[in-house]
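**Student:** The structure follows.
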Amino acid sequence: MSGPLRPGPVSGGCARPFVGCGVVQTALSPVDGFIDYMTVECGLSPNTILAYRSDLAKFGRFLGDDHLEHPDRVTSDDVVGFLAAEKNDGQAITSISRSLVAIKMLFRFLVMESRLSRDITAVLDSPRIWHTLPDLLNKAEVERLLGAPQESERMGLRDRAILATMYATGTRASEVVALKIEDVNFEYRYVRCFGKGSKERIVPMAERDLQVLRRYLEDERPRLAHGKVTSYTFLTKSGNRLSRESIWRVVKKYARRVGLSARVSPHTLRHSFATHLLAGGADLRSVQEMLGHVDIATTQIYTHIDQDRLKAIHKRFHPRA
């Protein structure tokens with residue numbers, strides 16, 4: 001692959017081209033030098049940095065010995081073998097693609113720093129042929145899920161507000177836990193989100209979902225806060241900020257309650273948000289902006305999901321339908 005690196009289905013690459021900046025010290029190991037550069041110069045989010053470090057550690061274990069300490073010994077066949085092993089182990093396509101992004105960016109960085117004479121990953125492309133369509137819920141299933149938390153039960157109003165916010169805005173779990181009270185504008189009906197790489201975006205929110213969120217903020221959140229001063233919207237029973245794992249457990253809990261698939265996750269609501277918007281006639285660019293995708297190719301996967309809409313369009317416009 002030539003030209004600027006395209007991260008593929010999992011974004012998080014450096015927004016600027018690799019240029020010598022004097023930030024990285026050659027005394028650092030190849031991986032540590034790369035992580036230092038991506039943190040200081042590219043400003044990637046802590047979650048992305050942690051994921052890249054984990055991916056490169058896994059690649060290093062696959063290679064064995066100290067190959068990543070001596071990256072000139074690594075071949076493109078080694079990278080292909082690693083990706084194939086990950087696929088055989090049942091890793092998700094998004095995880096495999098992100099691993100390839102981390103490896104490619106590492107080797108491009110090492111060439112930039114003159115620690116390698118050539119980039120052995122330049123000929124490798126993201127494994128797009130392995131793409132699978134994301135799980136999603138139909139509109140009736142979404143309504144069942146959003147209606148599962150009972151406001152009369154402890155944490156029910158909070159959990160209902162969480163689910164309503166996620167489906168109304170298509171936010172990621174990490175964005176929901178980072179949501180602050182001042183990020184919600186009730187007057188103009190929008191939520192301000194900070195996505196990967198701290199990129200800000202504005203997403204409209206329907207009045208009915210804002211009402212649920214308002215009731216939580218007025219009736220339940222003060223009790224959860226226990227007098228603590230915190231700006232985070234969603235709190236635990238002890239008044240602390242929720243974790244991403246807590247959001248995952250909330251979604252799983254109510255999915256089981258209403259008999260939905262065990263594969264339902266926080267991202268399922270994001271997928272459903274995008275698919276239902278497109279099914280309702282929203283244009284791809286608007287959906288891309290609301291999802292916070294850097295590359296519209298990431299958003300285009302949702303155009304392949306709504307088969308009923310495609311059939312209806314074909315029947316309406318094709319002369320032989």
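Ordering of the structure tokens sets the chain letters (A, B, ...), residue numbers begin anew at 1 in every chain, and ligands are numbered from 1 in the order given.
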Please provide the set of residues having any atom within 12 Å of Glu151 of chain A, restricted to only C-alpha atoms, with same-chain residues fewer than 5 positions apart removed, written as a ChimeraX atom specification.

**Tutor:** /A:146,156-161,212,215-216,219-220

**Student:** Could you pull out the residues in segment 21-261 of chain A that DSSP calls helix (DSSP H, G or I) from the backbone, as a PyMOL selection string?

**Tutor:** chain A and resi 30-40+46-63+67-69+71-73+76-88+93-112+128-130+139-146+156-169+173-178+181-183+196-198+207-225+244-257

**Student:** Which residues are near Lys199 of chain A? Cut-off 12 Å, only C-alpha atoms, ignore same chain within fewer than 4 positions. Put them as JSON, numbers by chain.

**Tutor:** {"A": [11, 12, 15, 43, 44, 45, 175, 192, 193, 194, 195, 289, 290, 291, 292, 293, 294]}

**Student:** Could you please take those selected residues and save C-alpha atoms as a compact mmCIF listing (two decimals), in the first residue's frame?

**Tutor:**
# COMPACT_ATOMS: atom_id res chain seq x y z
CA SER A 11 -9.54 4.76 13.03
CA GLY A 12 -6.95 6.41 15.24
CA ALA A 15 -3.69 13.11 11.64
CA GLY A 43 -2.04 13.25 20.33
CA LEU A 44 -3.93 9.97 20.10
CA SER A 45 -6.37 9.09 22.86
CA GLU A 175 -18.17 8.76 24.84
CA ARG A 192 -21.59 17.46 22.34
CA CYS A 193 -19.41 14.34 22.07
CA PHE A 194 -15.66 13.88 22.14
CA GLY A 195 -14.68 10.85 20.09
CA GLU A 289 -20.58 13.37 10.76
CA MET A 290 -22.93 12.20 13.52
CA LEU A 291 -20.93 8.99 14.02
CA GLY A 292 -17.63 10.87 14.01
CA HIS A 293 -16.07 8.72 11.29
CA VAL A 294 -12.95 10.19 9.71

**Student:** What's around Val251 of chain A at 8 Å? Count only C-alpha atoms, leave out sequence neighbours fewer than 6 positions away in its own chain, and write the answer as a list in words.

**Tutor:** Leu163, Val264, Ser265 and Pro266 of chain A

**Student:** Looking at only C-alpha atoms, which of A:Leu278, A:Leu83, A:Ala164, A:Leu63 is the one that sits closest to Ser99 of chain A?

**Tutor:**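 Of A:Leu278, A:Leu83, A:Ala164, A:Leu63, the one nearest Ser99 of chain A, counting only C-alpha atoms, is A:Leu83.
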
**Student:** Name the residues in contact with segment 180-191 of chain A at a cut-off of 6 Å, using only C-alpha atoms, excluding same-chain residues fewer than 2 positions from it; report them as a ChimeraX atom specification.

**Tutor:** /A:202-205,231-233

**Student:** Pick out the residues sitting within 7 Å of Leu56 of chain A, and hand them over as a list in words; count only C-alpha atoms, and ignore anything fewer than 4 positions along from it in its own chain.

**Tutor:**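 Near Leu56 of chain A, the qualifying residues are Tyr52, Gly60, Ala102 and Ile103 of chain A.
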
**Student:** Can you spit out the residues from that selection as a CSV table (one decimal), in the first residue's frame, using C-alpha atoms?

**Tutor:**
chain,number,residue,atom,x,y,z
A,52,TYR,CA,-1.7,-0.1,19.8
A,60,GLY,CA,6.0,-9.5,19.4
A,102,ALA,CA,-0.4,-0.6,14.5
A,103,ILE,CA,2.2,-2.7,12.7

**Student:** Could you give me, as a PyMOL selection string, the residues within 10 Å of segment 244-249 of chain A, counting only C-alpha atoms and dropping anything in the same chain fewer than 3 positions from it?

**Tutor:** chain A and resi 159+162-163+172-178+234+236+241+252-255+264-267
